[in-house]
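See below for data.txt, which holds compact mmCIF, N, CA and C atoms and all ligand atoms.
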```txt
# COMPACT_ATOMS: atom_id res chain seq x y z
N MET A 112 -56.12 98.51 -123.38
CA MET A 112 -54.93 97.94 -122.72
C MET A 112 -55.34 96.74 -121.87
N THR A 113 -54.61 95.65 -121.99
CA THR A 113 -54.87 94.45 -121.19
C THR A 113 -53.81 94.32 -120.11
N THR A 114 -54.26 94.11 -118.87
CA THR A 114 -53.34 93.90 -117.75
C THR A 114 -53.55 92.48 -117.26
N ARG A 115 -52.45 91.78 -117.00
CA ARG A 115 -52.54 90.38 -116.60
C ARG A 115 -51.87 90.12 -115.25
N GLY A 116 -52.33 89.02 -114.62
CA GLY A 116 -51.73 88.60 -113.36
C GLY A 116 -51.80 87.10 -113.21
N HIS A 117 -51.00 86.57 -112.30
CA HIS A 117 -51.03 85.12 -112.09
C HIS A 117 -50.56 84.77 -110.68
N CYS A 118 -50.87 83.52 -110.28
CA CYS A 118 -50.49 83.01 -108.96
C CYS A 118 -49.05 82.51 -108.98
N LEU A 119 -48.63 81.99 -107.85
CA LEU A 119 -47.25 81.48 -107.74
C LEU A 119 -46.97 80.36 -108.74
N CYS A 120 -47.89 79.41 -108.87
CA CYS A 120 -47.63 78.27 -109.77
C CYS A 120 -48.06 78.55 -111.21
N LYS A 121 -48.71 79.68 -111.44
CA LYS A 121 -49.15 80.14 -112.77
C LYS A 121 -50.34 79.37 -113.34
N LYS A 122 -50.94 78.46 -112.54
CA LYS A 122 -52.13 77.75 -113.07
C LYS A 122 -53.35 78.67 -113.10
N THR A 123 -53.46 79.53 -112.09
CA THR A 123 -54.59 80.46 -112.03
C THR A 123 -54.10 81.83 -112.49
N SER A 124 -54.82 82.41 -113.42
CA SER A 124 -54.40 83.70 -113.95
C SER A 124 -55.62 84.50 -114.35
N TRP A 125 -55.41 85.79 -114.57
CA TRP A 125 -56.53 86.67 -114.91
C TRP A 125 -56.05 87.77 -115.82
N GLU A 126 -57.03 88.47 -116.38
CA GLU A 126 -56.72 89.67 -117.13
C GLU A 126 -57.89 90.62 -117.07
N TYR A 127 -57.62 91.90 -117.25
CA TYR A 127 -58.70 92.88 -117.36
C TYR A 127 -58.31 93.90 -118.41
N GLU A 128 -59.34 94.52 -118.95
CA GLU A 128 -59.15 95.58 -119.95
C GLU A 128 -59.34 96.92 -119.26
N GLY A 129 -58.60 97.91 -119.73
CA GLY A 129 -58.84 99.28 -119.28
C GLY A 129 -58.16 99.62 -117.97
N GLU A 130 -58.75 100.60 -117.29
CA GLU A 130 -58.13 101.20 -116.11
C GLU A 130 -58.67 100.56 -114.83
N VAL A 131 -57.94 100.77 -113.74
CA VAL A 131 -58.45 100.37 -112.43
C VAL A 131 -59.42 101.44 -111.93
N ASN A 132 -60.34 101.05 -111.05
CA ASN A 132 -61.21 102.03 -110.40
C ASN A 132 -60.47 102.73 -109.27
N TRP A 133 -59.62 101.97 -108.58
CA TRP A 133 -58.86 102.52 -107.47
C TRP A 133 -57.70 101.57 -107.18
N ALA A 134 -56.72 102.06 -106.43
CA ALA A 134 -55.56 101.25 -106.04
C ALA A 134 -55.12 101.72 -104.66
N CYS A 135 -55.01 100.81 -103.70
CA CYS A 135 -54.72 101.23 -102.32
C CYS A 135 -53.99 100.16 -101.54
N TYR A 136 -53.60 100.54 -100.32
CA TYR A 136 -53.09 99.60 -99.33
C TYR A 136 -54.19 99.35 -98.31
N CYS A 137 -54.35 98.09 -97.87
CA CYS A 137 -55.25 97.81 -96.76
C CYS A 137 -54.46 97.21 -95.61
N HIS A 138 -54.70 97.77 -94.41
CA HIS A 138 -53.99 97.32 -93.21
C HIS A 138 -54.87 96.48 -92.31
N CYS A 139 -56.04 96.04 -92.79
CA CYS A 139 -56.95 95.32 -91.88
C CYS A 139 -56.43 93.92 -91.55
N ASP A 140 -56.90 93.41 -90.44
CA ASP A 140 -56.43 92.11 -89.96
C ASP A 140 -56.85 90.97 -90.89
N ASP A 141 -58.02 91.08 -91.51
CA ASP A 141 -58.47 90.01 -92.42
C ASP A 141 -57.55 89.89 -93.63
N CYS A 142 -57.24 91.01 -94.26
CA CYS A 142 -56.34 90.98 -95.42
C CYS A 142 -54.96 90.47 -95.00
N ARG A 143 -54.52 90.94 -93.85
CA ARG A 143 -53.19 90.55 -93.36
C ARG A 143 -53.11 89.04 -93.19
N ARG A 144 -54.12 88.46 -92.55
CA ARG A 144 -54.10 87.01 -92.32
C ARG A 144 -54.32 86.24 -93.61
N ASN A 145 -55.20 86.73 -94.45
CA ASN A 145 -55.46 86.04 -95.72
C ASN A 145 -54.19 85.92 -96.56
N CYS A 146 -53.34 86.94 -96.49
CA CYS A 146 -52.11 86.94 -97.30
C CYS A 146 -50.86 86.65 -96.47
N ALA A 147 -51.00 86.57 -95.15
CA ALA A 147 -49.84 86.41 -94.26
C ALA A 147 -48.78 87.45 -94.59
N ALA A 148 -49.24 88.68 -94.80
CA ALA A 148 -48.34 89.78 -95.16
C ALA A 148 -48.70 90.98 -94.28
N PRO A 149 -47.73 91.83 -93.95
CA PRO A 149 -48.00 92.94 -93.03
C PRO A 149 -48.98 93.98 -93.58
N VAL A 150 -49.04 94.11 -94.90
CA VAL A 150 -49.99 95.03 -95.54
C VAL A 150 -50.30 94.44 -96.91
N VAL A 151 -51.50 94.72 -97.41
CA VAL A 151 -51.88 94.15 -98.71
C VAL A 151 -52.23 95.29 -99.67
N ALA A 152 -51.65 95.22 -100.85
CA ALA A 152 -51.90 96.23 -101.89
C ALA A 152 -52.96 95.69 -102.84
N TRP A 153 -54.00 96.52 -103.06
CA TRP A 153 -55.19 96.10 -103.80
C TRP A 153 -55.45 97.01 -105.00
N LEU A 154 -56.09 96.44 -105.99
CA LEU A 154 -56.65 97.25 -107.06
C LEU A 154 -58.06 96.75 -107.34
N GLY A 155 -58.93 97.67 -107.72
CA GLY A 155 -60.32 97.33 -108.01
C GLY A 155 -60.61 97.57 -109.47
N VAL A 156 -61.23 96.58 -110.11
CA VAL A 156 -61.60 96.74 -111.52
C VAL A 156 -63.07 96.34 -111.71
N PRO A 157 -63.72 96.90 -112.72
CA PRO A 157 -65.10 96.48 -112.99
C PRO A 157 -65.10 95.02 -113.45
N LYS A 158 -66.01 94.24 -112.90
CA LYS A 158 -66.08 92.82 -113.25
C LYS A 158 -66.33 92.60 -114.73
N LYS A 159 -67.05 93.53 -115.33
CA LYS A 159 -67.34 93.35 -116.76
C LYS A 159 -66.07 93.44 -117.60
N ASN A 160 -65.01 94.02 -117.08
CA ASN A 160 -63.74 94.13 -117.83
C ASN A 160 -62.76 93.03 -117.44
N PHE A 161 -63.21 92.12 -116.56
CA PHE A 161 -62.30 91.14 -115.95
C PHE A 161 -62.65 89.72 -116.38
N ARG A 162 -61.62 88.85 -116.52
CA ARG A 162 -61.91 87.42 -116.65
C ARG A 162 -60.74 86.58 -116.12
N TRP A 163 -61.14 85.41 -115.62
CA TRP A 163 -60.13 84.43 -115.25
C TRP A 163 -59.60 83.82 -116.53
N THR A 164 -58.32 83.59 -116.63
CA THR A 164 -57.75 82.98 -117.81
C THR A 164 -57.39 81.54 -117.46
N GLY A 165 -56.28 81.13 -116.96
CA GLY A 165 -56.03 79.70 -116.67
C GLY A 165 -57.14 78.98 -115.93
N GLN A 166 -56.76 78.16 -115.01
CA GLN A 166 -57.67 77.37 -114.19
C GLN A 166 -58.51 78.30 -113.30
N ALA A 167 -59.80 77.98 -113.15
CA ALA A 167 -60.65 78.81 -112.29
C ALA A 167 -60.19 78.67 -110.84
N PRO A 168 -60.30 79.73 -110.05
CA PRO A 168 -59.86 79.64 -108.65
C PRO A 168 -60.89 78.91 -107.79
N LYS A 169 -60.48 78.52 -106.60
CA LYS A 169 -61.41 78.06 -105.57
C LYS A 169 -61.88 79.31 -104.83
N THR A 170 -63.04 79.22 -104.19
CA THR A 170 -63.60 80.39 -103.51
C THR A 170 -64.02 80.03 -102.10
N LEU A 171 -63.62 80.86 -101.15
CA LEU A 171 -64.02 80.72 -99.76
C LEU A 171 -64.93 81.88 -99.40
N GLU A 172 -66.11 81.59 -98.84
CA GLU A 172 -66.94 82.68 -98.31
C GLU A 172 -66.46 82.94 -96.89
N SER A 173 -65.57 83.94 -96.74
CA SER A 173 -64.86 84.12 -95.47
C SER A 173 -65.74 84.76 -94.41
N SER A 174 -66.70 85.54 -94.82
CA SER A 174 -67.78 85.96 -93.93
C SER A 174 -68.98 86.17 -94.84
N LYS A 175 -70.14 86.40 -94.28
CA LYS A 175 -71.34 86.40 -95.10
C LYS A 175 -71.26 87.44 -96.22
N GLY A 176 -71.40 86.99 -97.45
CA GLY A 176 -71.38 87.89 -98.59
C GLY A 176 -70.00 88.34 -99.02
N VAL A 177 -68.95 87.74 -98.45
CA VAL A 177 -67.56 88.09 -98.79
C VAL A 177 -66.88 86.85 -99.36
N PHE A 178 -66.36 86.97 -100.58
CA PHE A 178 -65.83 85.82 -101.29
C PHE A 178 -64.36 86.04 -101.63
N ARG A 179 -63.52 85.13 -101.15
CA ARG A 179 -62.09 85.23 -101.40
C ARG A 179 -61.68 84.09 -102.33
N HIS A 180 -61.07 84.46 -103.45
CA HIS A 180 -60.66 83.48 -104.47
C HIS A 180 -59.18 83.16 -104.28
N PHE A 181 -58.84 81.90 -104.48
CA PHE A 181 -57.43 81.49 -104.35
C PHE A 181 -57.12 80.34 -105.30
N CYS A 182 -55.85 80.17 -105.61
CA CYS A 182 -55.44 79.10 -106.51
C CYS A 182 -55.56 77.75 -105.80
N GLU A 183 -56.27 76.85 -106.44
CA GLU A 183 -56.49 75.53 -105.86
C GLU A 183 -55.18 74.75 -105.75
N ASN A 184 -54.25 75.03 -106.62
CA ASN A 184 -53.01 74.26 -106.66
C ASN A 184 -51.96 74.79 -105.67
N CYS A 185 -51.69 76.09 -105.70
CA CYS A 185 -50.60 76.61 -104.87
C CYS A 185 -51.09 77.41 -103.67
N GLY A 186 -52.39 77.73 -103.62
CA GLY A 186 -52.94 78.43 -102.47
C GLY A 186 -52.81 79.94 -102.49
N SER A 187 -52.23 80.51 -103.53
CA SER A 187 -52.06 81.97 -103.58
C SER A 187 -53.43 82.67 -103.56
N PRO A 188 -53.58 83.72 -102.72
CA PRO A 188 -54.80 84.54 -102.80
C PRO A 188 -54.87 85.19 -104.18
N MET A 189 -56.06 85.21 -104.78
CA MET A 189 -56.17 85.68 -106.17
C MET A 189 -57.20 86.78 -106.38
N GLY A 190 -58.18 86.88 -105.50
CA GLY A 190 -59.20 87.90 -105.75
C GLY A 190 -60.20 87.97 -104.61
N PHE A 191 -60.99 89.03 -104.63
CA PHE A 191 -61.96 89.29 -103.58
C PHE A 191 -63.19 89.90 -104.23
N GLU A 192 -64.36 89.36 -103.84
CA GLU A 192 -65.62 89.97 -104.26
C GLU A 192 -66.51 90.02 -103.04
N ALA A 193 -67.40 90.99 -102.99
CA ALA A 193 -68.32 91.09 -101.86
C ALA A 193 -69.65 91.64 -102.33
N ASP A 194 -70.69 91.17 -101.68
CA ASP A 194 -72.04 91.64 -102.03
C ASP A 194 -72.15 93.15 -101.89
N HIS A 195 -71.34 93.74 -100.97
CA HIS A 195 -71.43 95.19 -100.79
C HIS A 195 -70.59 95.96 -101.81
N TYR A 196 -69.92 95.24 -102.72
CA TYR A 196 -69.24 95.88 -103.86
C TYR A 196 -69.76 95.29 -105.16
N PRO A 197 -71.03 95.44 -105.45
CA PRO A 197 -71.57 94.79 -106.65
C PRO A 197 -70.85 95.27 -107.91
N GLY A 198 -70.52 94.30 -108.77
CA GLY A 198 -69.91 94.65 -110.06
C GLY A 198 -68.42 94.83 -110.02
N GLY A 199 -67.80 94.64 -108.84
CA GLY A 199 -66.37 94.88 -108.73
C GLY A 199 -65.57 93.63 -108.43
N MET A 200 -64.38 93.54 -108.99
CA MET A 200 -63.43 92.49 -108.66
C MET A 200 -62.21 93.16 -108.05
N HIS A 201 -61.80 92.70 -106.88
CA HIS A 201 -60.63 93.26 -106.23
C HIS A 201 -59.48 92.28 -106.42
N LEU A 202 -58.34 92.80 -106.84
CA LEU A 202 -57.18 91.97 -107.17
C LEU A 202 -55.97 92.43 -106.38
N TYR A 203 -55.02 91.52 -106.20
CA TYR A 203 -53.82 91.81 -105.42
C TYR A 203 -52.72 92.37 -106.33
N ALA A 204 -52.18 93.50 -105.94
CA ALA A 204 -51.09 94.08 -106.73
C ALA A 204 -49.92 93.11 -106.84
N GLY A 205 -49.74 92.28 -105.80
CA GLY A 205 -48.65 91.32 -105.81
C GLY A 205 -48.80 90.24 -106.87
N SER A 206 -50.01 90.08 -107.44
CA SER A 206 -50.22 89.08 -108.49
C SER A 206 -49.98 89.64 -109.89
N LEU A 207 -49.86 90.95 -109.99
CA LEU A 207 -49.69 91.56 -111.30
C LEU A 207 -48.46 91.00 -112.02
N GLU A 208 -48.57 90.87 -113.32
CA GLU A 208 -47.41 90.44 -114.08
C GLU A 208 -46.27 91.45 -113.93
N ASN A 209 -46.63 92.74 -113.82
CA ASN A 209 -45.63 93.79 -113.61
C ASN A 209 -46.00 94.59 -112.37
N PRO A 210 -45.80 94.02 -111.17
CA PRO A 210 -46.24 94.71 -109.96
C PRO A 210 -45.54 96.03 -109.73
N GLU A 211 -44.39 96.24 -110.35
CA GLU A 211 -43.67 97.52 -110.18
C GLU A 211 -44.43 98.68 -110.82
N GLU A 212 -45.41 98.37 -111.67
CA GLU A 212 -46.19 99.44 -112.32
C GLU A 212 -47.40 99.88 -111.50
N PHE A 213 -47.64 99.19 -110.39
CA PHE A 213 -48.78 99.52 -109.52
C PHE A 213 -48.58 100.89 -108.90
N GLU A 214 -49.65 101.69 -108.85
CA GLU A 214 -49.55 103.02 -108.25
C GLU A 214 -50.64 103.22 -107.20
N PRO A 215 -50.36 102.84 -105.96
CA PRO A 215 -51.36 103.03 -104.90
C PRO A 215 -51.59 104.52 -104.65
N THR A 216 -52.83 104.88 -104.32
CA THR A 216 -53.11 106.31 -104.11
C THR A 216 -53.64 106.62 -102.71
N PHE A 217 -53.92 105.59 -101.90
CA PHE A 217 -54.39 105.85 -100.52
C PHE A 217 -54.26 104.59 -99.67
N HIS A 218 -54.42 104.76 -98.35
CA HIS A 218 -54.42 103.65 -97.40
C HIS A 218 -55.82 103.54 -96.80
N VAL A 219 -56.26 102.32 -96.50
CA VAL A 219 -57.48 102.14 -95.70
C VAL A 219 -57.14 101.30 -94.47
N ASN A 220 -58.03 101.38 -93.48
CA ASN A 220 -57.83 100.68 -92.20
C ASN A 220 -56.47 101.02 -91.58
N TYR A 221 -56.11 102.28 -91.71
CA TYR A 221 -54.79 102.69 -91.26
C TYR A 221 -54.64 102.55 -89.74
N GLN A 222 -55.77 102.57 -89.04
CA GLN A 222 -55.71 102.41 -87.58
C GLN A 222 -55.17 101.04 -87.19
N SER A 223 -55.21 100.09 -88.12
CA SER A 223 -54.71 98.73 -87.83
C SER A 223 -53.29 98.49 -88.32
N LYS A 224 -52.64 99.54 -88.83
CA LYS A 224 -51.27 99.36 -89.33
C LYS A 224 -50.36 98.83 -88.22
N LEU A 225 -49.53 97.86 -88.57
CA LEU A 225 -48.59 97.32 -87.58
C LEU A 225 -47.55 98.37 -87.23
N PRO A 226 -47.25 98.50 -85.92
CA PRO A 226 -46.35 99.59 -85.50
C PRO A 226 -44.94 99.46 -86.07
N TRP A 227 -44.51 98.24 -86.42
CA TRP A 227 -43.15 98.06 -86.92
C TRP A 227 -43.04 98.21 -88.43
N LEU A 228 -44.18 98.40 -89.08
CA LEU A 228 -44.16 98.57 -90.54
C LEU A 228 -43.92 100.04 -90.87
N GLN A 229 -42.82 100.34 -91.55
CA GLN A 229 -42.48 101.72 -91.89
C GLN A 229 -42.93 102.02 -93.31
N MET A 230 -43.80 103.02 -93.46
CA MET A 230 -44.23 103.44 -94.80
C MET A 230 -44.13 104.95 -94.85
N ASN A 231 -43.22 105.45 -95.65
CA ASN A 231 -42.97 106.88 -95.70
C ASN A 231 -43.55 107.49 -96.97
N ASP A 232 -44.85 107.55 -97.04
CA ASP A 232 -45.47 108.16 -98.21
C ASP A 232 -46.42 109.26 -97.75
N ASP A 233 -46.84 110.08 -98.69
CA ASP A 233 -47.73 111.20 -98.37
C ASP A 233 -49.17 110.91 -98.79
N LEU A 234 -49.49 109.64 -99.00
CA LEU A 234 -50.83 109.29 -99.48
C LEU A 234 -51.87 109.50 -98.38
N PRO A 235 -53.12 109.78 -98.75
CA PRO A 235 -54.19 109.88 -97.75
C PRO A 235 -54.33 108.57 -96.98
N LYS A 236 -54.55 108.69 -95.68
CA LYS A 236 -54.65 107.52 -94.81
C LYS A 236 -56.00 107.55 -94.12
N TYR A 237 -56.83 106.56 -94.45
CA TYR A 237 -58.19 106.52 -93.91
C TYR A 237 -58.32 105.45 -92.84
N GLU A 238 -59.13 105.75 -91.84
CA GLU A 238 -59.50 104.72 -90.88
C GLU A 238 -60.74 104.06 -91.43
N GLY A 239 -60.92 102.78 -91.08
CA GLY A 239 -62.11 102.08 -91.56
C GLY A 239 -61.90 101.45 -92.92
N THR A 240 -62.96 100.82 -93.38
CA THR A 240 -62.85 99.99 -94.57
C THR A 240 -62.91 100.82 -95.84
N LEU A 241 -62.64 100.11 -96.91
CA LEU A 241 -62.68 100.69 -98.24
C LEU A 241 -64.03 101.34 -98.53
N LEU A 242 -65.08 100.74 -97.99
CA LEU A 242 -66.42 101.26 -98.25
C LEU A 242 -66.57 102.71 -97.85
N PHE A 243 -65.80 103.12 -96.84
CA PHE A 243 -65.98 104.46 -96.32
C PHE A 243 -64.87 105.41 -96.75
N ALA A 244 -63.95 104.90 -97.56
CA ALA A 244 -62.87 105.77 -98.04
C ALA A 244 -63.38 106.59 -99.22
N PRO A 245 -63.23 107.89 -99.14
CA PRO A 245 -63.74 108.74 -100.22
C PRO A 245 -63.13 108.43 -101.58
N ASP A 246 -61.91 107.87 -101.60
CA ASP A 246 -61.26 107.57 -102.87
C ASP A 246 -61.79 106.30 -103.53
N ASP A 247 -62.55 105.54 -102.79
CA ASP A 247 -63.07 104.29 -103.32
C ASP A 247 -64.26 104.57 -104.24
N LEU A 248 -64.07 104.35 -105.50
CA LEU A 248 -65.16 104.58 -106.45
C LEU A 248 -65.99 103.30 -106.52
N ARG A 249 -67.06 103.31 -105.82
CA ARG A 249 -67.84 102.09 -105.72
C ARG A 249 -68.67 101.81 -106.95
N ASP A 250 -68.86 102.83 -107.76
CA ASP A 250 -69.70 102.66 -108.93
C ASP A 250 -68.90 102.03 -110.06
N TYR A 251 -68.96 100.72 -110.16
CA TYR A 251 -68.18 100.02 -111.15
C TYR A 251 -68.83 100.07 -112.55
N ASP A 252 -70.01 100.64 -112.63
CA ASP A 252 -70.69 100.70 -113.93
C ASP A 252 -70.12 101.79 -114.82
N ALA A 253 -69.42 102.72 -114.21
CA ALA A 253 -68.91 103.86 -114.96
C ALA A 253 -67.96 103.43 -116.07
ZN ZN B 301 -51.27 78.59 -108.31
ZN ZN B 302 -58.43 94.63 -95.72
```

Since I need it in another form, could you write the structure as structure tokens?
Amino acid sequence: MTTRGHCLCKKTSWEYEGEVNWACYCHCDDCRRNCAAPVVAWLGVPKKNFRWTGQAPKTLESSKGVFRHFCENCGSPMGFEADHYPGGMHLYAGSLENPEEFEPTFHVNYQSKLPWLQMNDDLPKYEGTLLFAPDDLRDYDA
């Protein structure tokens, strides 16, 4: 199965084969500012199953070993890679061609959730980063 996504202007796009490793919400301040959104929905896929299709994105090293990809033309955030997640590409659920099919299964950095954001779900809510969330399958080789 091929899943596709694209930016606002559609110049930058991607696709991956197969299943996601995980799908979650992140409430951290970095994700929030990067997307200017109150919460960011993420999915993680093995890099070996992923490729950029349209124009290649621009990349910002937002902190040491952390790489944020975005569309050079329209500025949409497009992806995240980090040295501490070798082999993984993190993508925004909001970029999916069919974002309504996204199925988040947990929250991370829940301690940073904005008090005015109402989310009425029964999903596990973890404090701290994805790295420490038990649902995060870091082994992308599987
Ligand atoms: Zn674009
Ligand atoms: Zn985050």

- Throw together the list of residues within 6 Å of ligand ZN 302 (chain B), counting only N, CA and C atoms and all ligand atoms, and drop it here as an MDAnalysis selection string. chainID A and resid 137:143

- Query: What does the distance between atom N of Val219 in chain A and atom C of Trp133 in chain A come to in Å, to one decimal place?
  - Reply: 10.8 Å

Which residues of chain A come within 6 Å of ligand ZN 301 (chain B), and for each one, what is the closest pair of atoms and their distance in Å to one decimal, counting all atoms listed in the file, sorted by chain and residue number, as a tab-separated table?
```
residue	atom	partner	partner_atom	distance
A:Cys118	CA	B:ZN301	ZN	4.5
A:Leu119	N	B:ZN301	ZN	4.3
A:Cys120	N	B:ZN301	ZN	3.5
A:Lys121	N	B:ZN301	ZN	4.2
A:Lys122	N	B:ZN301	ZN	4.2
A:Thr123	N	B:ZN301	ZN	4.5
A:Cys182	CA	B:ZN301	ZN	4.6
A:Glu183	N	B:ZN301	ZN	5.6
A:Asn184	C	B:ZN301	ZN	4.7
A:Cys185	N	B:ZN301	ZN	3.6
A:Gly186	N	B:ZN301	ZN	4.9
A:Ser187	N	B:ZN301	ZN	5.2
```

- Could you jot down the CA of Pro226 in chain A to CA of Trp153 in chain A separation for me, Å, one decimal place?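 If I compute the distance from CA of Pro226 in chain A to CA of Trp153 in chain A, I get 20.6 Å.
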
- chain A: which residues are strand (DSSP E) by DSSP, as a VMD selection string? chain A and resid 113 to 117 124 to 128 133 to 137 151 to 157 161 to 163 169 to 174 177 to 181 188 to 193 199 to 203 217 to 219

- Task: Tell me, in Å to one decimal, how far atom N of Lys169 in chain A is from CA of Glu128 in chain A.
- Result: 21.7 Å

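Closest to Trp227 in chain A among A:Pro149, A:Ala204, A:Phe181, A:Thr240 is A:Pro149, based on only C-alpha atoms.
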
- Do a neighbour search on His180 in chain A at 6.5 Å with all atoms listed in the file, toss out local chain neighbours closer than 2 positions, and write the hits as number ranges by chain. A: 168-171, 178, 182, 187-192

- Contacts of range 210-217 of chain A at 10 Å (only C-alpha atoms; same-chain gap of 4+ positions) as an MDAnalysis selection string: chainID A and resid 116 133:137 152:154 203:206 221 232:237 244:247
